[in-house]
Amino acid sequence: MITLIDIAYVRSGVADLDAATRFATDIVGLELAAPTEGGVSHLSADHRHHCLALVEGPSGVICSGFSVAGPDALAAAETELERSGFAVRRGSAGEARSRRVREFIAFDDPFGNQVELVSQQENITRPVAFTRPAGITEFGHLCLDAPDVHEAYRFWSTRFNARVSDWIGDAACLLRIDPVHHKLAVFRGEGPGLCHMNFQVASIDDVFRNWHFLVEHDVEIEMGPGRHPQSTAIFLYFLGPEGFTYEYSFGVRRIEDEATWIPRTFDPDEAGSIDMWLGPVSRPSSQPQLQPARTGSAAQ
Ligand SMILES: [Fe+2]
């Protein structure tokens, strides 16, 4: 059993780095970290050095990173995955530096999503210099695609410490690795990909202010504002460049008492099962996973 202590980052390939970076800063509100590497924009939202890295190259998600407790936990995870038949790759020193982690390993989940486990992600302590006052408080969760969310649940709950918080029929599995209702979600999708990356905001007012801001700036709203009955979060999904979906949300449920929480199942076709406010519901679009042959360069 591999213990994930937190989500770490998303790395995404972009054909137009300037446009994607401008959207992440001027629209989403993230801070662009001081540039230290050509072709990579590191974007900050919280105590992590960055939680989103945009990498110049083919469009598509490169990988999603999760933290383990330290070098010993990382080595144990590497052994465990290899014994189970996964092809595990150790990141080079240059790749680790680009990720602002001391060490990492990379492997594909059974559905083709590239996952990285990292040790010692760099922290920052100064306040984040957000580009605009979107109210972001932290990187909230990430959502991967898999053709069968029940199989995905088996993978994440048997090899890792992920527990299911709620099911949305065969459409989604919401998983927690700490008291937050979900830091990892898996949505049903044809192939591997990143469905969306979530940022928590400080208040319901931020969600609605951001909604007006996005509409005024002609950003495509994919769903919301609405309220998910599972996590109770008030959500807003919107589409960034190159098929990358962002989400703001406020008010995610915390499950403090593991012993008494019983996962619930919601029928996605039932009114209110996705949005308690009964707004129009549509599945956020996913950014497809780049194939490893296209992500092999040291910069990525
Ligand atoms: Fe979400």
# chains A, B, ... in the order shown; residues from 1 in each chain; ligands from 1
$ residues_around --residues "A:Arg254" --least-positions-apart "2" --cutoff "7 Å" --atoms "only C-alpha atoms" --output "count of residues only"
5
$ select_by_dssp --residues "stretch 4-238 of chain A" --states "strand (DSSP E)" --output "number ranges by chain"
A: 6-14, 31-32, 40-44, 52-56, 60-67, 89-90, 103-108, 114-119, 136-146, 163-168, 172-176, 184-188, 193-201, 221-227, 234-238
$ residues_near_ligand --ligand "ligand 1" --cutoff "10 Å" --atoms "only C-alpha atoms and all ligand atoms" --output "number ranges by chain"
A: 140-143, 174, 182-187, 195-200, 228, 231, 233, 235-237, 245-249, 252, 284
$ residues_around --residues "stretch 285-288 of chain A" --least-positions-apart "5" --cutoff "8 Å" --atoms "only C-alpha atoms" --output "count of residues only"
15
$ residues_around --residues "A:Gln120" --least-positions-apart "6" --cutoff "9 Å" --atoms "only C-alpha atoms" --output "number ranges by chain"
A: 67-71, 100-103
$ closest_residue --among "A:Gly57, A:Gly39, A:Gly94, A:Gly189" --to "A:Gly112" --atoms "only C-alpha atoms"
A:Gly189
$ atom_distance --atom1 "atom CA of A:Gly91" --atom2 "atom CA of A:Glu31"
25.9 Å
$ residues_around --residues "A:Ser12" --least-positions-apart "3" --cutoff "9 Å" --atoms "only C-alpha atoms" --output "short mmCIF file (atom, residue, chain, number, x, y, z; two decimals) with all heavy atoms, in the first residue's frame"
data_model
loop_
_atom_site.label_atom_id
_atom_site.label_comp_id
_atom_site.auth_asym_id
_atom_site.auth_seq_id
_atom_site.Cartn_x
_atom_site.Cartn_y
_atom_site.Cartn_z
N LEU A 52 1.05 24.00 -11.23
CA LEU A 52 0.78 23.81 -12.66
C LEU A 52 2.03 24.22 -13.42
O LEU A 52 2.55 25.33 -13.21
CB LEU A 52 -0.42 24.66 -13.09
CG LEU A 52 -0.73 24.68 -14.59
CD1 LEU A 52 -1.05 23.27 -15.12
CD2 LEU A 52 -1.90 25.62 -14.89
N ALA A 53 2.53 23.31 -14.24
CA ALA A 53 3.65 23.65 -15.13
C ALA A 53 3.14 23.52 -16.56
O ALA A 53 2.62 22.47 -16.95
CB ALA A 53 4.83 22.72 -14.88
N LEU A 54 3.26 24.61 -17.29
CA LEU A 54 2.92 24.60 -18.72
C LEU A 54 4.23 24.44 -19.48
O LEU A 54 5.17 25.22 -19.27
CB LEU A 54 2.20 25.89 -19.11
CG LEU A 54 0.87 26.13 -18.38
CD1 LEU A 54 0.33 27.53 -18.70
CD2 LEU A 54 -0.16 25.06 -18.74
N VAL A 55 4.27 23.43 -20.33
CA VAL A 55 5.51 23.07 -21.00
C VAL A 55 5.31 23.21 -22.51
O VAL A 55 4.39 22.60 -23.08
CB VAL A 55 5.90 21.61 -20.65
CG1 VAL A 55 7.22 21.24 -21.32
CG2 VAL A 55 6.00 21.42 -19.13
N GLU A 56 6.15 24.01 -23.13
CA GLU A 56 6.03 24.26 -24.57
C GLU A 56 6.25 22.96 -25.34
O GLU A 56 7.24 22.25 -25.11
CB GLU A 56 7.09 25.29 -24.99
CG GLU A 56 6.84 25.90 -26.33
CD GLU A 56 7.67 27.15 -26.51
OE1 GLU A 56 8.79 27.22 -25.95
OE2 GLU A 56 7.20 28.07 -27.20
N SER A 59 0.29 19.80 -27.50
CA SER A 59 -0.81 19.98 -26.54
C SER A 59 -1.19 18.66 -25.91
O SER A 59 -1.33 17.66 -26.60
CB SER A 59 -2.07 20.45 -27.27
OG SER A 59 -2.03 21.79 -27.54
N GLY A 60 -1.42 18.67 -24.62
CA GLY A 60 -1.91 17.47 -23.93
C GLY A 60 -1.32 17.39 -22.55
O GLY A 60 -0.27 17.98 -22.28
N VAL A 61 -2.02 16.68 -21.68
CA VAL A 61 -1.50 16.55 -20.32
C VAL A 61 -0.29 15.62 -20.34
O VAL A 61 -0.28 14.60 -21.02
CB VAL A 61 -2.59 16.09 -19.33
CG1 VAL A 61 -3.10 14.71 -19.64
CG2 VAL A 61 -2.08 16.17 -17.90
N ILE A 62 0.76 16.04 -19.62
CA ILE A 62 1.99 15.25 -19.55
C ILE A 62 1.91 14.29 -18.37
O ILE A 62 2.18 13.10 -18.50
CB ILE A 62 3.22 16.18 -19.43
CG1 ILE A 62 3.34 17.05 -20.70
CG2 ILE A 62 4.49 15.38 -19.19
CD1 ILE A 62 4.32 18.21 -20.56
N CYS A 63 1.53 14.79 -17.22
CA CYS A 63 1.45 13.93 -16.03
C CYS A 63 0.77 14.67 -14.89
O CYS A 63 0.61 15.89 -14.93
CB CYS A 63 2.85 13.51 -15.59
SG CYS A 63 3.92 14.91 -15.21
N SER A 64 0.38 13.88 -13.89
CA SER A 64 -0.17 14.42 -12.65
C SER A 64 0.69 13.90 -11.51
O SER A 64 1.00 12.70 -11.48
CB SER A 64 -1.61 13.95 -12.45
OG SER A 64 -2.40 14.38 -13.54
N PHE A 244 -7.73 22.70 -21.93
CA PHE A 244 -7.47 22.49 -20.50
C PHE A 244 -8.61 23.12 -19.69
O PHE A 244 -8.84 24.32 -19.77
CB PHE A 244 -6.13 23.15 -20.13
CG PHE A 244 -5.60 22.79 -18.77
CD1 PHE A 244 -4.60 21.84 -18.63
CD2 PHE A 244 -6.11 23.40 -17.62
CE1 PHE A 244 -4.10 21.52 -17.36
CE2 PHE A 244 -5.61 23.07 -16.37
CZ PHE A 244 -4.60 22.13 -16.24
N GLN A 287 -8.44 17.21 -21.41
CA GLN A 287 -7.24 17.34 -22.24
C GLN A 287 -6.61 15.95 -22.34
O GLN A 287 -6.26 15.35 -21.32
CB GLN A 287 -6.26 18.32 -21.61
CG GLN A 287 -5.08 18.60 -22.52
CD GLN A 287 -4.10 19.61 -21.93
OE1 GLN A 287 -3.57 19.41 -20.84
NE2 GLN A 287 -3.84 20.68 -22.65
N GLN A 289 -4.22 12.71 -22.67
CA GLN A 289 -2.87 12.38 -22.21
C GLN A 289 -1.93 12.30 -23.40
O GLN A 289 -2.22 11.63 -24.40
CB GLN A 289 -2.90 11.01 -21.50
CG GLN A 289 -1.55 10.39 -21.19
CD GLN A 289 -0.84 11.11 -20.05
OE1 GLN A 289 -1.39 11.30 -18.99
NE2 GLN A 289 0.41 11.51 -20.29
N LEU A 290 -0.79 12.98 -23.30
CA LEU A 290 0.24 12.83 -24.33
C LEU A 290 0.87 11.46 -24.19
O LEU A 290 1.08 10.97 -23.07
CB LEU A 290 1.33 13.88 -24.14
CG LEU A 290 1.05 15.28 -24.68
CD1 LEU A 290 2.21 16.19 -24.32
CD2 LEU A 290 0.82 15.26 -26.17
#
$ residues_around --residues "stretch 33-35 of chain A" --least-positions-apart "6" --cutoff "8 Å" --atoms "only C-alpha atoms" --output "number ranges by chain"
A: 41-44, 49-50
$ closest_residue --among "A:Gly13, A:Pro133, A:Pro241, A:Gly251" --to "A:Val219" --atoms "only C-alpha atoms"
A:Pro241
$ select_by_dssp --residues "stretch 110-154 of chain A" --states "helix (DSSP H, G or I)" --output "ChimeraX atom specification"
/A:149-154
$ write_last_selection --atoms "C-alpha atoms" --output "short mmCIF file (atom, residue, chain, number, x, y, z; two decimals), in the first residue's frame"
data_model
loop_
_atom_site.label_atom_id
_atom_site.label_comp_id
_atom_site.auth_asym_id
_atom_site.auth_seq_id
_atom_site.Cartn_x
_atom_site.Cartn_y
_atom_site.Cartn_z
CA VAL A 149 -14.43 4.30 -13.00
CA HIS A 150 -15.00 1.14 -10.94
CA GLU A 151 -11.73 -0.32 -12.24
CA ALA A 152 -10.07 3.02 -11.50
CA TYR A 153 -11.41 2.83 -7.95
CA ARG A 154 -9.93 -0.64 -7.58
#
$ closest_residue --among "A:Asp257, A:Glu122, A:Asp16, A:Glu190" --to "A:Pro58" --atoms "only C-alpha atoms"
A:Asp16
$ residues_around --residues "A:Ala87" --least-positions-apart "2" --cutoff "9 Å" --atoms "only C-alpha atoms" --output "list of chain:residue names"
A:Leu81, A:Glu82, A:Gly85, A:Arg89, A:Ala106, A:Phe107, A:Asp108
